[in-house]
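Structure data follow from target19.cif (mmCIF, C-alpha atoms):
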data_structure
#
loop_
_atom_site.label_atom_id
_atom_site.label_comp_id
_atom_site.auth_asym_id
_atom_site.auth_seq_id
_atom_site.Cartn_x
_atom_site.Cartn_y
_atom_site.Cartn_z
CA MET A 1 19.62 17.63 23.13
CA ALA A 2 22.55 19.53 21.72
CA TYR A 3 21.60 19.49 18.09
CA SER A 4 21.16 22.58 16.02
CA PHE A 5 19.08 22.22 12.92
CA ASN A 6 20.79 23.26 9.76
CA PHE A 7 18.55 23.40 6.76
CA GLY A 8 21.34 25.00 4.70
CA VAL A 9 22.35 21.53 3.53
CA ILE A 10 18.81 20.97 2.31
CA GLN A 11 18.76 24.32 0.59
CA ALA A 12 21.99 23.49 -1.22
CA ASN A 13 20.53 20.18 -2.38
CA LEU A 14 16.98 21.32 -2.99
CA ASP A 15 17.36 20.97 -6.76
CA LYS A 16 18.28 17.29 -6.35
CA PHE A 17 15.30 16.74 -4.06
CA LEU A 18 12.90 18.40 -6.48
CA LEU A 19 14.36 16.51 -9.43
CA GLY A 20 13.92 13.32 -7.41
CA LEU A 21 10.31 14.25 -6.73
CA ALA A 22 9.73 14.86 -10.45
CA THR A 23 11.34 11.49 -11.26
CA GLY A 24 8.97 9.80 -8.83
CA LEU A 25 5.96 11.53 -10.38
CA ALA A 26 7.12 10.61 -13.89
CA LEU A 27 7.57 6.95 -12.88
CA ALA A 28 4.10 6.89 -11.31
CA LEU A 29 2.57 8.51 -14.38
CA ALA A 30 4.24 6.05 -16.78
CA ALA A 31 3.17 3.14 -14.58
CA ILE A 32 -0.45 4.24 -14.38
CA LEU A 33 -0.67 4.78 -18.16
CA VAL A 34 0.54 1.23 -18.87
CA GLY A 35 -1.44 -0.03 -15.88
CA VAL A 36 -4.68 1.47 -17.24
CA LEU A 37 -4.18 -0.44 -20.50
CA ILE A 38 -3.52 -3.70 -18.63
CA GLY A 39 -6.47 -3.00 -16.32
CA LEU A 40 -8.85 -2.27 -19.20
CA VAL A 41 -7.96 -5.44 -21.11
CA CYS A 42 -8.16 -7.55 -17.95
CA ALA A 43 -11.43 -6.00 -16.74
CA PHE A 44 -13.13 -6.74 -20.07
CA ALA A 45 -11.56 -10.22 -20.12
CA ALA A 46 -12.88 -10.81 -16.60
CA THR A 47 -16.43 -10.16 -17.75
CA ALA A 48 -16.06 -12.37 -20.87
CA LYS A 49 -18.12 -15.50 -21.39
CA PRO A 50 -15.35 -18.13 -21.83
CA ARG A 51 -13.78 -19.52 -18.68
CA LEU A 52 -10.11 -19.33 -19.62
CA PRO A 53 -9.61 -15.54 -19.77
CA ARG A 54 -11.54 -15.15 -16.52
CA LEU A 55 -9.33 -17.69 -14.79
CA LEU A 56 -6.16 -16.09 -16.14
CA VAL A 57 -7.21 -12.63 -14.95
CA ALA A 58 -8.21 -13.97 -11.53
CA GLY A 59 -4.80 -15.65 -11.23
CA TYR A 60 -2.93 -12.52 -12.26
CA VAL A 61 -4.83 -10.23 -9.90
CA SER A 62 -4.56 -12.60 -6.96
CA ALA A 63 -0.84 -13.29 -7.52
CA ILE A 64 0.12 -9.62 -7.78
CA ARG A 65 -2.10 -8.35 -4.98
CA ASN A 66 -0.70 -10.88 -2.55
CA THR A 67 2.99 -10.28 -3.31
CA PRO A 68 5.00 -7.34 -1.92
CA ILE A 69 5.91 -4.72 -4.52
CA LEU A 70 9.54 -4.85 -3.39
CA VAL A 71 9.74 -8.56 -4.24
CA ILE A 72 8.23 -7.85 -7.68
CA VAL A 73 10.73 -5.04 -8.29
CA LEU A 74 13.69 -7.20 -7.27
CA PHE A 75 12.39 -10.13 -9.30
CA VAL A 76 12.04 -8.05 -12.47
CA TYR A 77 15.39 -6.34 -11.97
CA PHE A 78 17.52 -9.29 -10.86
CA ALA A 79 15.76 -12.48 -11.93
CA LEU A 80 14.45 -11.67 -15.42
CA PRO A 81 17.99 -11.12 -16.81
CA GLN A 82 18.54 -14.82 -16.03
CA LEU A 83 15.88 -15.51 -18.66
CA GLY A 84 17.64 -13.17 -21.09
CA ILE A 85 15.30 -10.19 -20.50
CA ARG A 86 17.58 -7.26 -19.76
CA MET A 87 16.41 -3.73 -19.02
CA GLY A 88 17.74 -0.53 -17.55
CA LYS A 89 16.68 0.35 -14.00
CA TYR A 90 14.09 2.91 -15.13
CA GLU A 91 12.41 0.55 -17.60
CA SER A 92 12.62 -2.31 -15.13
CA PHE A 93 11.00 -0.32 -12.32
CA THR A 94 8.31 1.13 -14.60
CA LEU A 95 7.45 -2.37 -15.81
CA SER A 96 7.23 -3.70 -12.23
CA LEU A 97 5.06 -0.82 -11.08
CA ALA A 98 2.84 -1.06 -14.19
CA VAL A 99 2.24 -4.79 -13.68
CA TYR A 100 1.49 -4.04 -10.03
CA ALA A 101 -0.85 -1.17 -10.94
CA GLY A 102 -2.56 -3.29 -13.60
CA ALA A 103 -3.79 -5.79 -11.00
CA TYR A 104 -5.31 -3.06 -8.79
CA LEU A 105 -6.79 -1.20 -11.76
CA THR A 106 -8.39 -4.43 -13.01
CA GLU A 107 -10.38 -4.54 -9.79
CA VAL A 108 -11.15 -0.82 -10.04
CA PHE A 109 -12.43 -1.10 -13.62
CA ARG A 110 -14.37 -4.26 -12.86
CA ALA A 111 -16.25 -2.38 -10.16
CA GLY A 112 -16.67 0.53 -12.59
CA LEU A 113 -18.11 -1.81 -15.24
CA ALA A 114 -20.52 -3.30 -12.74
CA GLY A 115 -21.84 0.22 -12.13
CA VAL A 116 -22.80 0.80 -15.77
CA PRO A 117 -26.61 0.53 -15.95
CA ARG A 118 -27.91 -2.25 -18.17
CA GLY A 119 -30.39 0.18 -19.73
CA VAL A 120 -27.80 2.35 -21.51
CA VAL A 121 -26.25 -0.71 -23.15
CA ASP A 122 -29.67 -1.78 -24.44
CA ALA A 123 -30.36 1.79 -25.56
CA GLY A 124 -27.08 1.82 -27.49
CA ARG A 125 -27.99 -1.43 -29.20
CA ALA A 126 -31.47 -0.11 -29.94
CA ILE A 127 -30.13 2.89 -31.89
CA GLY A 128 -28.10 0.50 -34.03
CA LEU A 129 -24.60 0.66 -32.53
CA THR A 130 -22.47 -2.44 -32.86
CA GLY A 131 -21.20 -4.22 -29.74
CA TYR A 132 -17.79 -2.63 -30.21
CA GLN A 133 -19.28 0.86 -30.57
CA VAL A 134 -21.40 0.39 -27.45
CA ALA A 135 -18.30 -0.63 -25.48
CA LEU A 136 -16.25 2.30 -26.78
CA HIS A 137 -18.76 5.16 -26.76
CA VAL A 138 -21.29 4.15 -24.12
CA VAL A 139 -19.80 1.77 -21.58
CA MET A 140 -16.24 3.09 -21.32
CA PRO A 141 -17.01 6.77 -20.62
CA ILE A 142 -19.42 5.83 -17.83
CA MET A 143 -16.99 3.24 -16.50
CA PHE A 144 -14.13 5.76 -16.39
CA ARG A 145 -16.30 8.27 -14.54
CA ASN A 146 -17.36 5.58 -12.05
CA SER A 147 -13.72 4.59 -11.54
CA LEU A 148 -12.32 8.10 -11.23
CA PRO A 149 -12.11 8.29 -7.40
CA ALA A 150 -10.56 4.82 -7.09
CA MET A 151 -8.14 5.56 -9.94
CA GLY A 152 -7.04 8.68 -8.07
CA THR A 153 -6.39 6.69 -4.91
CA THR A 154 -4.42 4.15 -6.94
CA PHE A 155 -2.33 6.92 -8.48
CA ILE A 156 -1.48 8.42 -5.09
CA SER A 157 -0.51 5.02 -3.73
CA LEU A 158 1.62 4.35 -6.85
CA PHE A 159 3.36 7.67 -6.36
CA LYS A 160 4.21 6.63 -2.81
CA ASP A 161 5.41 3.25 -4.07
CA THR A 162 7.94 4.95 -6.35
CA SER A 163 10.01 5.42 -3.17
CA ILE A 164 10.89 1.73 -3.57
CA ALA A 165 12.83 2.58 -6.74
CA ALA A 166 15.53 3.84 -4.37
CA VAL A 167 16.39 0.19 -3.68
CA ILE A 168 17.57 -0.36 -7.26
CA ALA A 169 19.37 3.02 -7.24
CA VAL A 170 16.88 5.08 -9.25
CA PRO A 171 17.69 8.64 -8.11
CA GLU A 172 14.25 9.68 -6.84
CA LEU A 173 13.32 11.50 -3.65
CA THR A 174 13.92 8.70 -1.13
CA TYR A 175 17.26 7.88 -2.75
CA GLN A 176 18.33 11.52 -2.48
CA ALA A 177 17.23 11.76 1.15
CA ARG A 178 19.14 8.62 2.02
CA LYS A 179 22.21 9.86 0.18
CA LEU A 180 22.11 13.21 1.97
CA ASN A 181 21.58 11.38 5.25
CA THR A 182 24.72 9.28 4.88
CA GLU A 183 26.85 12.00 3.33
CA THR A 184 26.14 14.87 5.70
CA PHE A 185 24.60 13.15 8.77
CA ARG A 186 21.83 15.74 8.67
CA VAL A 187 19.42 12.99 9.71
CA ALA A 188 16.47 15.00 10.92
CA GLU A 189 16.60 17.54 8.10
CA ALA A 190 16.86 14.95 5.32
CA TRP A 191 13.92 12.83 6.45
CA THR A 192 11.61 15.65 7.51
CA THR A 193 12.15 17.37 4.16
CA ALA A 194 11.55 14.17 2.19
CA SER A 195 8.38 13.39 4.18
CA ALA A 196 7.11 16.95 3.87
CA LEU A 197 7.62 16.88 0.10
CA TYR A 198 5.79 13.56 -0.20
CA ILE A 199 2.91 14.73 2.00
CA ALA A 200 2.56 18.04 0.17
CA THR A 201 2.57 16.31 -3.23
CA CYS A 202 -0.03 13.76 -2.12
CA LEU A 203 -2.28 16.53 -0.79
CA LEU A 204 -1.89 18.47 -4.05
CA ILE A 205 -2.73 15.42 -6.16
CA ALA A 206 -5.75 14.71 -3.97
CA ALA A 207 -6.96 18.30 -4.33
CA GLY A 208 -6.48 18.15 -8.10
CA LEU A 209 -8.47 14.92 -8.28
CA ARG A 210 -11.33 16.44 -6.29
CA GLN A 211 -11.45 19.27 -8.86
CA LEU A 212 -11.47 16.72 -11.68
CA GLU A 213 -14.36 14.84 -10.06
CA ARG A 214 -16.32 18.07 -9.73
CA ARG A 215 -15.57 18.95 -13.35
CA PHE A 216 -17.14 15.70 -14.57
CA PRO A 217 -20.37 15.18 -12.68
CA LYS A 218 -21.43 11.65 -11.89
CA PHE A 219 -23.55 9.89 -14.50
CA MET B 1 16.51 -28.23 -10.90
CA GLU B 2 18.67 -30.58 -8.85
CA GLY B 3 21.01 -27.70 -8.11
CA PHE B 4 18.06 -25.64 -6.88
CA LEU B 5 16.78 -28.42 -4.62
CA HIS B 6 20.26 -28.82 -3.19
CA GLU B 7 20.54 -25.09 -2.50
CA LEU B 8 17.03 -25.06 -1.09
CA TRP B 9 17.97 -27.84 1.32
CA ILE B 10 20.99 -25.84 2.49
CA ALA B 11 18.88 -22.69 2.86
CA ARG B 12 15.88 -24.35 4.57
CA TRP B 13 16.52 -23.04 8.09
CA ALA B 14 17.38 -19.52 6.92
CA LEU B 15 14.18 -19.33 4.89
CA GLY B 16 12.11 -20.83 7.70
CA GLN B 17 13.47 -18.36 10.23
CA GLY B 18 12.88 -15.50 7.81
CA LEU B 19 9.29 -16.58 7.25
CA LEU B 20 8.71 -16.88 10.99
CA LEU B 21 10.13 -13.42 11.63
CA THR B 22 7.98 -11.97 8.84
CA ILE B 23 4.87 -13.49 10.41
CA ALA B 24 5.91 -12.45 13.92
CA ILE B 25 6.62 -8.84 12.95
CA SER B 26 3.38 -8.58 10.98
CA ALA B 27 1.34 -10.06 13.83
CA ALA B 28 2.98 -7.83 16.43
CA SER B 29 2.59 -4.69 14.35
CA ILE B 30 -1.08 -5.35 13.63
CA LEU B 31 -1.67 -5.99 17.34
CA PHE B 32 0.05 -2.80 18.53
CA GLY B 33 -1.21 -0.87 15.53
CA THR B 34 -4.80 -1.84 16.26
CA ILE B 35 -4.50 -0.73 19.89
CA LEU B 36 -3.01 2.57 18.73
CA GLY B 37 -5.62 2.86 15.99
CA LEU B 38 -8.42 2.28 18.49
CA LEU B 39 -7.23 5.22 20.62
CA VAL B 40 -6.73 7.38 17.53
CA GLY B 41 -10.11 6.42 16.05
CA VAL B 42 -12.02 7.18 19.26
CA ALA B 43 -10.13 10.49 19.58
CA LEU B 44 -10.94 11.39 15.97
CA ALA B 45 -14.61 10.59 16.37
CA TYR B 46 -15.36 11.93 19.85
CA GLY B 47 -12.29 13.88 21.07
CA SER B 48 -12.13 17.57 21.93
CA TRP B 49 -11.04 19.73 19.01
CA PRO B 50 -7.32 20.13 19.89
CA LEU B 51 -6.99 16.36 20.28
CA ARG B 52 -8.94 15.77 17.09
CA TRP B 53 -6.75 18.21 15.21
CA LEU B 54 -3.57 16.60 16.53
CA MET B 55 -4.73 13.13 15.51
CA ARG B 56 -5.79 14.41 12.09
CA VAL B 57 -2.25 15.73 11.53
CA TYR B 58 -0.77 12.38 12.61
CA VAL B 59 -3.08 10.32 10.41
CA ASP B 60 -2.71 12.50 7.32
CA ALA B 61 1.06 12.81 7.71
CA VAL B 62 1.53 9.05 7.94
CA ARG B 63 -0.91 8.33 5.12
CA GLY B 64 0.85 10.85 2.88
CA THR B 65 4.31 9.37 3.47
CA PRO B 66 5.55 6.22 1.74
CA VAL B 67 6.06 3.32 4.17
CA LEU B 68 9.68 3.07 3.07
CA VAL B 69 10.34 6.70 4.07
CA LEU B 70 8.59 6.06 7.38
CA ILE B 71 10.80 3.04 7.98
CA PHE B 72 13.97 4.96 7.14
CA ALA B 73 12.88 7.95 9.22
CA CYS B 74 12.17 5.75 12.27
CA PHE B 75 15.39 3.79 11.80
CA TYR B 76 17.63 6.85 11.60
CA LEU B 77 15.68 9.32 13.74
CA LEU B 78 15.27 6.98 16.72
CA ALA B 79 19.00 6.36 16.86
CA PHE B 80 19.53 10.07 16.40
CA ALA B 81 17.23 10.83 19.33
CA GLY B 82 19.35 8.54 21.50
CA ILE B 83 16.98 5.57 21.50
CA ASN B 84 19.01 2.50 20.60
CA PHE B 85 16.58 0.16 18.91
CA THR B 86 17.65 -2.86 16.90
CA ALA B 87 16.58 -3.08 13.26
CA VAL B 88 13.70 -5.37 14.27
CA GLU B 89 12.50 -2.99 16.97
CA SER B 90 12.65 0.16 14.88
CA GLY B 91 10.99 -1.69 12.01
CA LEU B 92 8.23 -2.81 14.32
CA PHE B 93 7.91 0.75 15.58
CA ALA B 94 7.56 2.11 12.03
CA LEU B 95 4.96 -0.49 11.03
CA THR B 96 3.00 0.17 14.23
CA ILE B 97 2.91 3.91 13.48
CA PHE B 98 1.81 3.08 9.93
CA CYS B 99 -0.85 0.60 10.99
CA GLY B 100 -2.09 2.90 13.78
CA ALA B 101 -2.84 5.72 11.34
CA HIS B 102 -4.70 3.48 8.91
CA MET B 103 -6.65 1.69 11.63
CA GLY B 104 -7.46 5.04 13.25
CA GLU B 105 -9.10 6.25 10.07
CA ILE B 106 -10.96 2.95 9.59
CA ILE B 107 -12.23 2.89 13.18
CA ARG B 108 -13.29 6.56 12.99
CA GLY B 109 -15.29 5.74 9.88
CA ALA B 110 -16.95 2.76 11.52
CA LEU B 111 -17.78 4.70 14.70
CA GLN B 112 -19.27 7.62 12.79
CA SER B 113 -21.45 5.35 10.69
CA ILE B 114 -23.32 4.25 13.82
CA PRO B 115 -26.50 6.35 14.19
CA PRO B 116 -25.87 9.05 16.86
CA ALA B 117 -29.29 8.35 18.31
CA GLN B 118 -27.73 5.29 19.95
CA ILE B 119 -25.50 7.56 22.05
CA ASP B 120 -28.57 9.53 23.15
CA ALA B 121 -30.34 6.28 23.94
CA GLY B 122 -27.36 5.14 26.02
CA ARG B 123 -27.35 8.46 27.90
CA ALA B 124 -31.07 8.18 28.47
CA ILE B 125 -30.72 4.87 30.29
CA GLY B 126 -27.95 6.40 32.43
CA LEU B 127 -24.76 4.96 30.92
CA THR B 128 -21.55 6.97 31.16
CA PHE B 129 -19.72 7.70 27.91
CA HIS B 130 -17.13 4.97 28.60
CA ARG B 131 -19.85 2.41 29.00
CA ILE B 132 -21.61 3.57 25.85
CA LEU B 133 -18.32 3.18 24.01
CA ILE B 134 -17.60 -0.28 25.39
CA TYR B 135 -21.08 -1.81 25.31
CA VAL B 136 -22.81 0.02 22.46
CA LEU B 137 -20.43 1.52 19.93
CA LEU B 138 -17.28 -0.62 19.79
CA PRO B 139 -18.96 -4.03 19.38
CA GLN B 140 -20.80 -2.72 16.31
CA ALA B 141 -17.69 -0.99 14.97
CA PHE B 142 -15.63 -4.17 15.33
CA ARG B 143 -18.02 -6.25 13.31
CA GLN B 144 -18.03 -3.62 10.63
CA ILE B 145 -14.25 -3.27 10.34
CA LEU B 146 -13.47 -6.99 10.43
CA PRO B 147 -12.99 -7.49 6.66
CA VAL B 148 -10.92 -4.29 6.33
CA TRP B 149 -8.90 -5.24 9.40
CA ILE B 150 -7.90 -8.56 7.89
CA ASN B 151 -7.05 -6.75 4.66
CA THR B 152 -4.75 -4.47 6.65
CA GLY B 153 -3.07 -7.59 8.02
CA ALA B 154 -2.22 -8.73 4.49
CA GLU B 155 -1.03 -5.20 3.72
CA LEU B 156 1.31 -5.32 6.71
CA VAL B 157 2.79 -8.66 5.67
CA LYS B 158 3.63 -7.05 2.34
CA SER B 159 4.98 -3.88 3.96
CA SER B 160 7.16 -5.90 6.31
CA SER B 161 9.23 -6.94 3.28
CA LEU B 162 10.53 -3.34 3.20
CA LEU B 163 12.26 -3.96 6.53
CA ALA B 164 14.84 -6.00 4.60
CA ILE B 165 16.33 -2.69 3.49
CA ILE B 166 17.23 -1.64 7.04
CA GLY B 167 18.66 -5.09 7.76
CA THR B 168 15.88 -6.96 9.54
CA ALA B 169 16.49 -10.66 8.93
CA GLU B 170 13.01 -11.40 7.64
CA LEU B 171 12.03 -13.47 4.61
CA LEU B 172 13.20 -11.09 1.87
CA PHE B 173 16.47 -10.29 3.64
CA ARG B 174 17.21 -14.00 4.04
CA THR B 175 16.40 -14.51 0.36
CA GLN B 176 18.81 -11.73 -0.59
CA GLU B 177 21.51 -13.39 1.51
CA ILE B 178 20.90 -16.74 -0.16
CA VAL B 179 20.88 -15.19 -3.63
CA GLY B 180 24.11 -13.39 -2.76
CA ARG B 181 25.70 -16.78 -2.13
CA ASN B 182 24.43 -18.87 -5.04
CA PHE B 183 23.24 -16.27 -7.62
CA MET B 184 20.04 -18.23 -8.27
CA THR B 185 17.99 -15.05 -8.54
CA LEU B 186 15.14 -16.50 -10.57
CA GLU B 187 14.54 -19.49 -8.32
CA PHE B 188 14.89 -17.84 -4.93
CA TYR B 189 13.15 -14.54 -5.65
CA GLY B 190 10.39 -16.61 -7.22
CA LEU B 191 10.20 -18.80 -4.12
CA CYS B 192 10.20 -15.73 -1.88
CA GLY B 193 7.30 -14.23 -3.83
CA ALA B 194 5.45 -17.56 -3.65
CA LEU B 195 5.88 -17.74 0.14
CA TYR B 196 4.51 -14.20 0.58
CA PHE B 197 1.67 -15.13 -1.73
CA LEU B 198 0.91 -18.21 0.34
CA VAL B 199 0.79 -16.29 3.63
CA ASN B 200 -1.40 -13.54 2.17
CA PHE B 201 -3.63 -15.98 0.34
CA CYS B 202 -4.34 -17.74 3.64
CA ILE B 203 -5.11 -14.39 5.28
CA GLU B 204 -7.42 -13.48 2.39
CA ARG B 205 -9.30 -16.78 2.68
CA LEU B 206 -9.57 -16.32 6.42
CA GLY B 207 -10.92 -12.81 5.83
CA LYS B 208 -13.58 -14.05 3.44
CA ALA B 209 -14.66 -16.77 5.86
CA ALA B 210 -14.77 -14.32 8.77
CA GLY B 211 -16.67 -11.83 6.62
CA ARG B 212 -19.37 -14.40 5.87
CA ARG B 213 -19.59 -15.37 9.51
CA PHE B 214 -19.59 -11.97 11.27
CA ALA B 215 -20.16 -9.15 8.80
CA LEU B 216 -23.06 -6.77 9.20
CA GLN B 217 -25.31 -6.45 6.22
#

Could you rewrite the structure in this file as structure tokens?
Amino acid sequence: MAYSFNFGVIQANLDKFLLGLATGLALALAAILVGVLIGLVCAFAATAKPRLPRLLVAGYVSAIRNTPILVIVLFVYFALPQLGIRMGKYESFTLSLAVYAGAYLTEVFRAGLAGVPRGVVDAGRAIGLTGYQVALHVVMPIMFRNSLPAMGTTFISLFKDTSIAAVIAVPELTYQARKLNTETFRVAEAWTTASALYIATCLLIAAGLRQLERRFPKF
Amino acid sequence: MEGFLHELWIARWALGQGLLLTIAISAASILFGTILGLLVGVALAYGSWPLRWLMRVYVDAVRGTPVLVLIFACFYLLAFAGINFTAVESGLFALTIFCGAHMGEIIRGALQSIPPAQIDAGRAIGLTFHRILIYVLLPQAFRQILPVWINTGAELVKSSSLLAIIGTAELLFRTQEIVGRNFMTLEFYGLCGALYFLVNFCIERLGKAAGRRFALQ
């Protein structure tokens, strides 16, 4: 095949690629922060006594987990303005990804809560902590530690899902690769570089998470 | 509401065809992906080290790349390499590569969780490795992966929506066309989400039923 690779184009646009990568990471980080809040509230609601919150959480989790993220993103970006809710593309995408993350993190935290031994809750009550204090100082730290590996996996998968922001023209890595592809026809270079950057970042995040897990030994 | 029902009636065939193509692509990619994953999984678990290393690179590369990038890469790179696939074919190719890597890892895990003494036992009664694989290891592995396999099916239905971006006329693409005509974003994106939900909900139910019926404790 008479094709000579020319990574000069990539080199000239490397700053855009790296900025795109950083945008993706920032979007994933914002989404997981909001998602953790949603997940926490929903996980505690799912273990509540009354039926209604449990049903609502089950509906939310099931609806989000069974719908493609792209449809959610397009719905939030194009359909919500019809209801008078207008947002910029960054806010809109972060909201979509956070709602998506919230459903997965609800499941993660629910499993984490189930792994908290009954004994430590009783012990907390026995030394005179209120129910709220037990939840905050006893249950939540153990739950977070239990959920750490699954939270890491969720974060990596959210980071990969930020590629979908390209569809609503958020200038992240996939958007830049596609732009370079159509502008310069350096097909192979654009996509191999984008993939390599994604793979390297995922491996780095995974390595960082392993360190974090070692730093906080299991309860 | 009446306007929506009217538009829905006009769009019924387009939506139906889109839904059918979504289901067909998902079914085909899970079928091919599982065959690929089976080969990859066996190679990862029992292959010689160069083969194992090669498969490890494939699996980790695909799992570290977003599906959307994989789809774009297949779409553009295949044409670039002189293979003229249609959007449907290159989309199917990308999803098969994606599914193959995930299934490979799942099948490797299932195979390696079977006690190795069973291989020794198979050898002892004079079975060749192929026979051990077919009669001893794979039947156990299949029962173990069944729930995860069905989960992967639901995952592929969701991932297939990304093919709309390269112009495959599946459910989301058809919805975008309809919305482009009548601007009823709320109604039709909502309907599109509901249809995906319905398909995946059925798969999830099926998975739970199959899990109760076949799963190993």

Practice item. Determine the residue set returned by the PyMOL selection byres ((chain A) within 9 of (chain B)) for the present structure, and present it as a PyMOL selection string. Key: chain A and resi 1+62-72+74-75+78-83+156-157+159-164+167+174+178+181+187-188+190-192+194-203

Review point. Smallest atom-to-atom distance to Ala111 of chain A: which of A:Tyr60, A:Tyr175, A:Phe44, A:Phe5, using only C-alpha atoms?
Key: A:Phe44

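Restricting the calculation to all atoms listed in the file, the smallest distance between Leu54 of chain B and any of B:Ile134, B:Leu5, B:Val40, B:Gln140 is found for B:Val40.
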
**Study point:** Interatomic distance, atom CA of Thr154 of chain A to atom CA of Phe109 of chain A (Å, one decimal)
**Key:** 11.7 Å

Practice item. Rounded to one decimal place, report the atom CA of Val34 of chain A-atom CA of Gly115 of chain A distance in Å. Key: 23.4 Å

Review point. Counting all atoms listed in the file, what is within 7 Å of segment 90-96 of chain B, bar same-chain residues fewer than 4 positions away, as number ranges by chain?
Key: B: 25, 29-30, 32-33, 70-71, 74-75, 85-86, 100, 163

Study note, to complete from the structure: note - atom CA of Leu136 of chain A and atom CA of Ser96 of chain A are separated by 28.3 Å

Practice item. Just the residues within 9 Å of segment 55-58 of chain A, please, counting all atoms listed in the file, with nothing from its chain fewer than 4 positions along; format it as a PyMOL selection string. Key: chain A and resi 42-43+45-46+51+62-63+103+106

Exercise for review: Could you expand the PyMOL selection byres ((chain B and resi 150) around 12) into the explicit residues it covers here, written as an MDAnalysis selection string?
Suggested key: chainID B and resid 26:27 30:31 34 99 103 142:149 151:157 200:211

Practice item. Compile the contact shell of Val116 of chain A as a list in words: residues with an atom at most 9 Å away, counting all atoms listed in the file, same-chain residues fewer than 5 positions apart removed. Key: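 Residues meeting the cut-off are Val121, Val139, Met140, Ile142, Met143 and Asn146 of chain A.
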
Practice item. Rank A:Pro53, A:Gly20, A:Pro217, A:Gly8 by their smallest atom-to-atom distance to Ala169 of chain A, using all atoms listed in the file, and report the top residue only. Key: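 Ranking A:Pro53, A:Gly20, A:Pro217, A:Gly8 by distance to Ala169 of chain A, first place goes to A:Gly20.
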
Point to revise | Residue contacts of Trp13 of chain B (12 Å, all atoms listed in the file) excluding same-chain residues fewer than 5 positions away, as a count of residues only | key: 9

Practice item. Do a neighbour search on segment 107-118 of chain B at 9 Å with only C-alpha atoms, toss out local chain neighbours closer than 4 positions, and write the hits as a PyMOL selection string. Key: chain B and resi 37-38+40-46+102-103+122-123+132+136-138+140-142+144-145
